[in-house]
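Data file: target.tsv. Format and content: TSV, C-alpha atoms.
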chain	number	residue	atom	x	y	z
X	1217	MET	CA	7.72	-25.62	21.07
X	1218	SER	CA	4.16	-24.38	20.51
X	1219	LYS	CA	2.60	-23.99	17.08
X	1220	LEU	CA	2.32	-20.24	17.71
X	1221	SER	CA	6.06	-19.96	18.34
X	1222	ILE	CA	6.86	-21.90	15.18
X	1223	LYS	CA	4.60	-19.70	13.06
X	1224	LEU	CA	6.07	-16.53	14.54
X	1225	LYS	CA	9.56	-17.79	13.80
X	1226	ILE	CA	8.58	-18.46	10.19
X	1227	ILE	CA	7.37	-14.87	9.78
X	1228	LEU	CA	10.50	-13.48	11.45
X	1229	CYS	CA	12.77	-15.67	9.31
X	1230	VAL	CA	11.06	-14.58	6.09
X	1231	ALA	CA	11.26	-10.92	7.18
X	1232	SER	CA	14.97	-11.35	7.93
X	1233	VAL	CA	15.59	-12.89	4.52
X	1234	LEU	CA	13.79	-9.97	2.83
X	1235	ILE	CA	15.92	-7.47	4.74
X	1236	LEU	CA	19.08	-9.37	3.81
X	1237	LEU	CA	18.12	-9.57	0.14
X	1238	ALA	CA	17.38	-5.84	0.08
X	1239	PHE	CA	21.04	-5.10	0.68
X	1240	ILE	CA	22.86	-7.96	-1.07
X	1241	LEU	CA	20.99	-8.05	-4.38
X	1242	PRO	CA	22.52	-6.04	-7.23
X	1243	PRO	CA	21.23	-2.44	-7.15
X	1244	VAL	CA	18.39	-1.43	-9.43
X	1245	SER	CA	18.24	2.19	-10.56
X	1246	GLN	CA	15.31	4.29	-11.75
X	1247	PRO	CA	15.15	4.31	-15.58
X	1248	ASN	CA	15.01	7.74	-17.18
X	1249	SER	CA	11.87	6.71	-19.05
X	1250	PHE	CA	9.93	6.22	-15.82
X	1251	HIS	CA	8.60	9.79	-15.82
X	1252	HIS	CA	7.19	9.48	-19.36
X	1253	PHE	CA	3.50	8.59	-19.12
X	1254	ALA	CA	1.15	7.80	-21.98
X	1255	ASP	CA	-1.49	10.40	-21.13
X	1256	GLY	CA	-0.10	13.89	-20.66
X	1257	ARG	CA	-3.24	15.79	-21.61
X	1258	PRO	CA	-4.12	18.85	-19.52
X	1259	TRP	CA	-7.69	19.67	-18.47
X	1260	LEU	CA	-8.98	22.88	-16.91
X	1261	GLY	CA	-5.43	24.02	-16.30
X	1262	ILE	CA	-4.45	20.74	-14.61
X	1263	ALA	CA	-1.35	19.24	-16.19
X	1264	ASN	CA	-1.45	15.47	-16.79
X	1265	ALA	CA	-5.05	15.60	-15.64
X	1266	GLY	CA	-5.86	11.89	-15.83
X	1267	ASN	CA	-2.99	10.83	-13.59
X	1268	VAL	CA	-3.47	13.78	-11.23
X	1269	LEU	CA	-7.24	13.65	-10.78
X	1270	SER	CA	-7.38	9.86	-10.43
X	1271	ASN	CA	-5.65	10.37	-7.08
X	1272	LEU	CA	-8.99	11.61	-5.78
X	1273	SER	CA	-9.92	7.93	-5.49
X	1274	PHE	CA	-7.21	7.50	-2.84
X	1275	LEU	CA	-8.39	10.64	-1.08
X	1276	PHE	CA	-12.03	9.54	-0.89
X	1277	VAL	CA	-11.22	6.01	0.30
X	1278	GLY	CA	-8.70	7.36	2.81
X	1279	ILE	CA	-11.15	9.87	4.32
X	1280	TYR	CA	-13.95	7.32	4.50
X	1281	GLY	CA	-11.62	4.73	6.03
X	1282	MET	CA	-10.33	7.20	8.60
X	1283	PHE	CA	-13.84	8.03	9.83
X	1284	PHE	CA	-14.75	4.33	9.77
X	1285	CYS	CA	-11.82	3.62	12.11
X	1286	PHE	CA	-12.90	6.39	14.47
X	1287	GLN	CA	-16.37	4.85	14.73
X	1288	ALA	CA	-15.36	1.18	14.83
X	1289	GLN	CA	-15.13	-0.68	18.11
X	1290	ARG	CA	-11.90	-2.61	17.75
X	1291	GLN	CA	-8.84	-3.59	19.73
X	1292	ALA	CA	-6.76	-0.46	20.31
X	1293	ASN	CA	-3.75	-1.91	18.46
X	1294	VAL	CA	-5.78	-2.86	15.40
X	1295	LYS	CA	-7.70	0.41	15.34
X	1296	ILE	CA	-4.57	2.58	15.50
X	1297	ALA	CA	-2.81	0.55	12.81
X	1298	TYR	CA	-5.74	0.74	10.37
X	1299	LEU	CA	-6.16	4.44	11.12
X	1300	ALA	CA	-2.51	4.91	10.14
X	1301	VAL	CA	-3.20	3.03	6.88
X	1302	PHE	CA	-5.98	5.40	5.83
X	1303	ILE	CA	-4.11	8.52	6.90
X	1304	GLY	CA	-1.23	7.24	4.77
X	1305	LEU	CA	-3.66	6.77	1.89
X	1306	ILE	CA	-4.75	10.42	2.15
X	1307	LEU	CA	-1.10	11.49	2.12
X	1308	THR	CA	-0.51	9.22	-0.88
X	1309	SER	CA	-3.25	10.99	-2.84
X	1310	LEU	CA	-1.57	14.34	-2.18
X	1311	GLY	CA	1.97	13.13	-2.87
X	1312	SER	CA	1.02	11.29	-6.05
X	1313	ALA	CA	-0.98	14.26	-7.39
X	1314	TYR	CA	1.99	16.54	-6.64
X	1315	TYR	CA	4.33	14.21	-8.53
X	1316	HIS	CA	2.09	13.65	-11.54
X	1317	TRP	CA	1.47	17.37	-12.02
X	1318	GLN	CA	5.11	17.70	-13.07
X	1319	PRO	CA	6.85	14.30	-13.00
X	1320	ASP	CA	10.54	14.28	-12.05
X	1321	SER	CA	12.80	12.43	-9.62
X	1322	ASN	CA	12.62	15.08	-6.90
X	1323	ARG	CA	8.82	15.00	-6.84
X	1324	LEU	CA	8.78	11.20	-7.04
X	1325	VAL	CA	10.15	11.08	-3.49
X	1326	TRP	CA	6.88	12.64	-2.28
X	1327	ASP	CA	4.91	10.04	-4.23
X	1328	ARG	CA	6.77	7.05	-2.81
X	1329	LEU	CA	7.25	8.27	0.74
X	1330	PRO	CA	3.55	8.21	1.76
X	1331	MET	CA	3.10	4.82	0.07
X	1332	THR	CA	5.41	3.31	2.67
X	1333	LEU	CA	3.15	4.91	5.29
X	1334	VAL	CA	0.34	2.77	3.88
X	1335	PHE	CA	1.94	-0.64	3.44
X	1336	MET	CA	3.91	-0.75	6.67
X	1337	PRO	CA	0.94	-0.02	8.98
X	1338	LEU	CA	-1.22	-2.36	6.87
X	1339	LEU	CA	1.19	-5.18	7.68
X	1340	VAL	CA	1.09	-4.17	11.35
X	1341	ALA	CA	-2.72	-4.07	11.28
X	1342	VAL	CA	-3.04	-7.55	9.78
X	1343	LEU	CA	-0.50	-8.98	12.23
X	1344	SER	CA	-2.06	-7.26	15.23
X	1345	GLU	CA	-5.40	-8.91	14.43
X	1346	ARG	CA	-3.67	-12.25	14.91
X	1347	ILE	CA	-0.84	-11.71	17.39
X	1348	TYR	CA	-0.59	-9.40	20.37
X	1349	PHE	CA	2.53	-7.21	20.45
X	1350	ASN	CA	3.59	-3.76	21.62
X	1351	LEU	CA	2.32	-1.40	18.92
X	1352	ARG	CA	4.27	1.53	20.38
X	1353	ILE	CA	7.47	-0.20	19.27
X	1354	ILE	CA	6.52	-2.13	16.13
X	1355	LEU	CA	4.49	0.53	14.30
X	1356	PRO	CA	7.04	3.39	14.59
X	1357	ALA	CA	9.87	0.95	13.77
X	1358	LEU	CA	8.23	-0.21	10.54
X	1359	LEU	CA	7.16	3.31	9.57
X	1360	LEU	CA	10.75	4.50	9.99
X	1361	THR	CA	11.96	1.49	8.00
X	1362	GLY	CA	9.66	2.39	5.13
X	1363	ILE	CA	10.76	6.03	5.21
X	1364	PHE	CA	14.41	4.93	5.29
X	1365	THR	CA	14.02	2.90	2.07
X	1366	VAL	CA	12.78	5.98	0.20
X	1367	VAL	CA	15.50	8.22	1.63
X	1368	TYR	CA	18.08	5.52	0.81
X	1369	TRP	CA	16.85	5.35	-2.79
X	1370	SER	CA	16.87	9.14	-3.19
X	1371	TYR	CA	20.55	9.29	-2.15
X	1372	SER	CA	21.91	6.01	-3.52
X	1373	GLY	CA	19.68	5.48	-6.55
X	1374	ASN	CA	19.09	1.86	-5.49
X	1375	LEU	CA	15.42	0.85	-5.53
X	1376	ILE	CA	15.83	-2.65	-4.11
X	1377	PRO	CA	15.21	-1.76	-0.42
X	1378	TYR	CA	12.10	0.23	-1.41
X	1379	PHE	CA	10.78	-2.69	-3.45
X	1380	ALA	CA	11.53	-5.04	-0.56
X	1381	ALA	CA	9.55	-2.81	1.80
X	1382	GLN	CA	6.54	-2.50	-0.51
X	1383	TYR	CA	6.25	-5.98	-1.99
X	1384	GLY	CA	7.80	-7.68	1.03
X	1385	SER	CA	5.12	-6.23	3.29
X	1386	ILE	CA	2.44	-7.61	0.97
X	1387	PHE	CA	4.11	-11.03	0.96
X	1388	LEU	CA	4.37	-11.06	4.77
X	1389	LEU	CA	0.73	-9.96	4.98
X	1390	LEU	CA	-0.34	-12.92	2.83
X	1391	LEU	CA	1.93	-15.27	4.77
X	1392	SER	CA	0.35	-14.17	8.06
X	1393	THR	CA	-3.16	-14.86	6.71
X	1394	PHE	CA	-2.01	-18.34	5.68
X	1395	LEU	CA	-0.43	-19.07	9.07
X	1396	PHE	CA	-3.11	-17.33	11.18
X	1397	PRO	CA	-6.35	-17.43	9.12
X	1398	LEU	CA	-9.32	-15.32	10.20
X	1399	LYS	CA	-12.85	-14.86	8.91
X	1400	GLY	CA	-12.96	-12.10	6.33
X	1401	ASP	CA	-9.46	-12.76	4.98
X	1402	LYS	CA	-10.94	-13.26	1.51
X	1403	TRP	CA	-11.28	-9.48	1.28
X	1404	LEU	CA	-7.53	-9.17	1.80
X	1405	TYR	CA	-6.99	-11.58	-1.08
X	1406	PHE	CA	-9.31	-9.52	-3.27
X	1407	ALA	CA	-7.33	-6.43	-2.24
X	1408	CYS	CA	-4.06	-8.07	-3.25
X	1409	ILE	CA	-5.51	-9.18	-6.59
X	1410	SER	CA	-6.76	-5.67	-7.25
X	1411	TYR	CA	-3.37	-4.20	-6.36
X	1412	GLY	CA	-1.63	-6.75	-8.58
X	1413	ALA	CA	-3.91	-5.76	-11.45
X	1414	ALA	CA	-3.03	-2.12	-10.74
X	1415	MET	CA	0.68	-2.90	-11.08
X	1416	LEU	CA	0.00	-4.68	-14.37
X	1417	CYS	CA	-1.92	-1.68	-15.71
X	1418	GLU	CA	1.05	0.52	-14.81
X	1419	ARG	CA	3.22	-1.66	-17.04
X	1420	LEU	CA	0.64	-1.49	-19.85
X	1421	ASP	CA	0.19	2.28	-19.63
X	1422	LEU	CA	0.40	3.07	-23.35
X	1423	LEU	CA	-1.24	-0.15	-24.53
X	1424	ILE	CA	-4.34	0.49	-22.40
X	1425	PHE	CA	-4.41	4.12	-23.54
X	1426	GLN	CA	-4.42	3.00	-27.17
X	1427	ALA	CA	-6.91	0.16	-26.59
X	1428	SER	CA	-9.35	2.55	-24.89
X	1429	GLY	CA	-9.33	4.84	-27.91
X	1430	TYR	CA	-7.14	7.33	-26.01
X	1431	ILE	CA	-9.80	7.80	-23.34
X	1432	ILE	CA	-7.93	6.50	-20.28
X	1433	SER	CA	-4.35	5.38	-19.73
X	1434	GLY	CA	-3.04	2.36	-17.88
X	1435	HIS	CA	-1.51	4.52	-15.17
X	1436	THR	CA	-4.82	6.24	-14.50
X	1437	VAL	CA	-6.48	2.81	-14.26
X	1438	LYS	CA	-3.67	1.79	-11.89
X	1439	HIS	CA	-4.66	4.52	-9.44
X	1440	ILE	CA	-8.32	3.49	-9.54
X	1441	LEU	CA	-7.59	-0.23	-9.06
X	1442	ALA	CA	-5.13	0.49	-6.23
X	1443	ALA	CA	-7.81	2.57	-4.49
X	1444	LEU	CA	-10.27	-0.28	-5.07
X	1445	ALA	CA	-7.89	-2.57	-3.18
X	1446	PHE	CA	-8.47	-0.47	-0.07
X	1447	CYS	CA	-12.21	-0.59	-0.65
X	1448	PHE	CA	-11.87	-4.36	-0.26
X	1449	ILE	CA	-9.99	-3.77	2.99
X	1450	LEU	CA	-12.86	-1.59	4.16
X	1451	ASN	CA	-15.23	-4.45	3.25
X	1452	LYS	CA	-13.09	-6.71	5.43
X	1453	LEU	CA	-13.35	-4.32	8.36
X	1454	ASN	CA	-17.09	-3.95	7.87
X	1455	TYR	CA	-17.51	-7.74	7.70
X	1456	GLN	CA	-15.56	-8.17	10.93
X	1457	ARG	CA	-17.60	-5.46	12.63
X	1458	ALA	CA	-20.85	-7.15	11.58
X	1459	ALA	CA	-19.56	-10.53	12.80
X	1460	LEU	CA	-18.55	-8.99	16.14
X	1461	ASN	CA	-21.97	-7.38	16.59
X	1462	SER	CA	-23.63	-10.68	15.69
X	1463	ASP	CA	-21.57	-12.57	18.30
X	1464	ARG	CA	-22.50	-9.99	20.96
X	1465	ALA	CA	-26.18	-10.31	20.08
Can you present the structure in this file as C-alpha cells?
Amino acid sequence: MSKLSIKLKIILCVASVLILLAFILPPVSQPNSFHHFADGRPWLGIANAGNVLSNLSFLFVGIYGMFFCFQAQRQANVKIAYLAVFIGLILTSLGSAYYHWQPDSNRLVWDRLPMTLVFMPLLVAVLSERIYFNLRIILPALLLTGIFTVVYWSYSGNLIPYFAAQYGSIFLLLLSTFLFPLKGDKWLYFACISYGAAMLCERLDLLIFQASGYIISGHTVKHILAALAFCFILNKLNYQRAALNSDRA
C-alpha cells in the first residue's frame, strides 16, 4: 500500500469518527444566555453597533479575496474552492450583522448557516491543493453537510453536529497539512491561531469590555480576529502565487 493511500485512509477514518461522534455524543442545547452580549450600545441608529459594524471586516476581506481568486492563476479545483470560501465570508458578514442587530434564535440560523459555507469549502480548498479529486461531487456534498447541521440544530436543538462540522473541518484541515505539507502552510497555522484567539475573546466578552474601559467588547474583537484569520489565508495564497511565478521565471 502506498504512503498516499495510507494518508488518505487516515483522513477518511478521522472524518468518519467525527461524523459518528456528532450523532452519538449527548446533545448540547443553546443556552438562553447566548444572545446576551456585553456591548449593546446603539450608534447612529444601529442597534448593538459594535457587534454589527465589526462584520464589515468579514465583508472587506471576503470581497478582496473574491477578486484575488478571479485574478489568480491556480488549478481550477483550488480556485473554485477558495472562491467559495470568500463568497461564504461575504454572506457571513451579512448574516452575522442581521443576527446581531436583534439577537434571537431565529436570526442566529442566518448567522451560523453562512459560516458553514466558509469552513466546508476551506477544507476542500486545502485538500485540493494536496490531492486531486472530483470537486463537482466533494464540494456540493460538504456544503450540503454543513447546511444540514444548521438545519438539524434549528429543529432538534442539538448543537453537536454543527460543532463537529465547524471544528472538525479545522481539525481535518490541520491534519491534512501535517500529512501533506506544502510551502506556505505556516499562514494556515497563523489563521488557526487567530481564529482560536477569536473564540477565546467570544468567551471573555464582558471581561474584555470591562478591561478596555468599555470601549470594545470581546465579541467585537472576536469578529476582527476571525476576519484576520482569513487575511492570513490570503497571505498564503499570495505567497503561493509569488512562488509559482518565481518557478516559472
For X:Ser1392, please output as a PyMOL selection string all residues within 10 Å (counting all atoms listed in the file; exclusion window: fewer than 6 positions along the same chain). chain X and resi 1223-1224+1226-1227+1339+1342-1343+1346-1347+1386+1398
Please identify all polymer residues within 12 Å of X:Tyr1378, counting all atoms listed in the file, omitting same-chain residues fewer than 3 positions from it, and present them as number ranges by chain. X: 1234-1235, 1237-1239, 1243-1246, 1325, 1328-1329, 1331-1332, 1335-1336, 1361-1370, 1372-1375, 1381-1385
Padding 3 Å on every side, please: axis-aligned box over the listed atoms of stretch 1287-1300 of chain X, centre and edge lengths to one decimal in Å, as AutoDock Vina command-line options.
--center_x -9.4 --center_y 0.7 --center_z 15.2 --size_x 19.9 --size_y 14.5 --size_z 16.2
Rounded to one decimal in Å, what is the spacing between atom CA of X:Lys1452 and atom CA of X:Leu1351? 21.2 Å
Please measure the separation of atom CA of X:Ile1440 and atom CA of X:Met1415, giving the value in Å to one decimal.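 Separation of atom CA of X:Ile1440 and atom CA of X:Met1415: 11.1 Å.
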Nearest to X:Val1233 by atom-to-atom distance, counting all atoms listed in the file, from X:Leu1388, X:Gln1291, X:Ala1254, X:Gln1318: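 Among the listed residues, X:Leu1388 lies closest to X:Val1233.
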X:Ala1300: which residues within 9 Å, counting all atoms listed in the file, same-chain residues fewer than 4 positions away excluded, as a compact mmCIF listing (two decimals) with C-alpha atoms, in the coordinates of the input?
# COMPACT_ATOMS: atom_id res chain seq x y z
CA MET X 1282 -10.33 7.20 8.60
CA LYS X 1295 -7.70 0.41 15.34
CA ILE X 1296 -4.57 2.58 15.50
CA GLY X 1304 -1.23 7.24 4.77
CA LEU X 1305 -3.66 6.77 1.89
CA LEU X 1333 3.15 4.91 5.29
CA VAL X 1334 0.34 2.77 3.88
CA PRO X 1337 0.94 -0.02 8.98
CA LEU X 1338 -1.22 -2.36 6.87
Residues near X:Asp1327, anyone? I mean within 9 Å using only C-alpha atoms, not counting same-chain ones fewer than 3 positions away, as an MDAnalysis selection string. chainID X and resid 1307:1316 1323:1324 1330:1331
Please report the interatomic distance between atom CA of X:Ala1341 and atom CA of X:Leu1299 in Å with one decimal. 9.2 Å
So that I can check the surroundings of X:Ser1410, please list as a PDB file with C-alpha atoms, keeping the file's coordinate frame every protein, DNA and RNA residue that reaches within 8 Å of it, counting all atoms listed in the file and ignoring chain neighbours fewer than 5 positions away.
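Written out: around-v6.pdb:
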ATOM      1  CA  LEU X1441      -7.590  -0.230  -9.060  1.00  0.00           C
ATOM      2  CA  ALA X1442      -5.130   0.490  -6.230  1.00  0.00           C
ATOM      3  CA  LEU X1444     -10.270  -0.280  -5.070  1.00  0.00           C
ATOM      4  CA  ALA X1445      -7.890  -2.570  -3.180  1.00  0.00           C
TER       5      ALA X1445
END
Could you check which residues have any atom within 7 Å of (-6.2, 6.4, 1.7), counting only C-alpha atoms with coordinates taken straight from the file, and then list them as an MDAnalysis selection string? chainID X and resid 1274:1275 1277:1279 1301:1306 1308
Using all atoms listed in the file, which residue out of X:Asn1451, X:Asn1248, X:Ser1221, X:Asn1267 lies closest to X:Glu1418?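 Looking at the shortest contact to X:Glu1418, the residue is X:Asn1267.
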Between X:Trp1259, X:Phe1250, X:Tyr1411, X:Phe1276, single out the one closest to X:Asp1320, counting only C-alpha atoms.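 Closest to X:Asp1320 of all the choices is X:Phe1250.
Ranking X:Leu1360, X:Leu1453, X:Leu1422, X:Ala1427 by their shortest atom-to-atom distance to X:Gly1400, with all atoms listed in the file included, puts X:Leu1453 first.
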Complete stretch 1239-1257 of chain X at the level of N, CA and C atoms, written as a compact mmCIF listing (two decimals), in the frame of the given file.
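This is the output file selection_18.txt:
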# COMPACT_ATOMS: atom_id res chain seq x y z
N PHE X 1239 19.73 -5.74 0.67
CA PHE X 1239 21.04 -5.10 0.68
C PHE X 1239 22.15 -5.93 0.03
N ILE X 1240 21.83 -7.17 -0.39
CA ILE X 1240 22.86 -7.96 -1.07
C ILE X 1240 22.56 -8.15 -2.55
N LEU X 1241 21.31 -7.94 -2.95
CA LEU X 1241 20.99 -8.05 -4.38
C LEU X 1241 21.63 -6.90 -5.15
N PRO X 1242 21.95 -7.12 -6.42
CA PRO X 1242 22.52 -6.04 -7.23
C PRO X 1242 21.57 -4.84 -7.26
N PRO X 1243 22.10 -3.62 -7.18
CA PRO X 1243 21.23 -2.44 -7.15
C PRO X 1243 20.43 -2.27 -8.44
N VAL X 1244 19.25 -1.74 -8.29
CA VAL X 1244 18.39 -1.43 -9.43
C VAL X 1244 18.12 0.07 -9.41
N SER X 1245 18.42 0.74 -10.51
CA SER X 1245 18.24 2.19 -10.56
C SER X 1245 16.95 2.56 -11.29
N GLN X 1246 16.54 3.80 -11.11
CA GLN X 1246 15.31 4.29 -11.75
C GLN X 1246 15.60 4.62 -13.22
N PRO X 1247 14.92 3.97 -14.16
CA PRO X 1247 15.15 4.31 -15.58
C PRO X 1247 14.67 5.72 -15.90
N ASN X 1248 15.37 6.37 -16.82
CA ASN X 1248 15.01 7.74 -17.18
C ASN X 1248 13.62 7.83 -17.80
N SER X 1249 13.17 6.72 -18.38
CA SER X 1249 11.87 6.71 -19.05
C SER X 1249 10.70 6.63 -18.07
N PHE X 1250 10.99 6.43 -16.80
CA PHE X 1250 9.93 6.22 -15.82
C PHE X 1250 8.94 7.37 -15.78
N HIS X 1251 9.45 8.60 -15.95
CA HIS X 1251 8.60 9.79 -15.82
C HIS X 1251 7.80 10.10 -17.09
N HIS X 1252 7.91 9.26 -18.10
CA HIS X 1252 7.19 9.48 -19.36
C HIS X 1252 5.91 8.65 -19.36
N PHE X 1253 4.78 9.29 -19.19
CA PHE X 1253 3.50 8.59 -19.12
C PHE X 1253 2.72 8.77 -20.42
N ALA X 1254 1.86 7.80 -20.70
CA ALA X 1254 1.15 7.80 -21.98
C ALA X 1254 0.22 9.00 -22.13
N ASP X 1255 -0.49 9.34 -21.07
CA ASP X 1255 -1.49 10.40 -21.13
C ASP X 1255 -0.97 11.66 -20.43
N GLY X 1256 -0.59 12.63 -21.23
CA GLY X 1256 -0.10 13.89 -20.66
C GLY X 1256 -1.04 15.05 -20.93
N ARG X 1257 -2.30 14.73 -21.23
CA ARG X 1257 -3.24 15.79 -21.61
C ARG X 1257 -3.63 16.66 -20.41
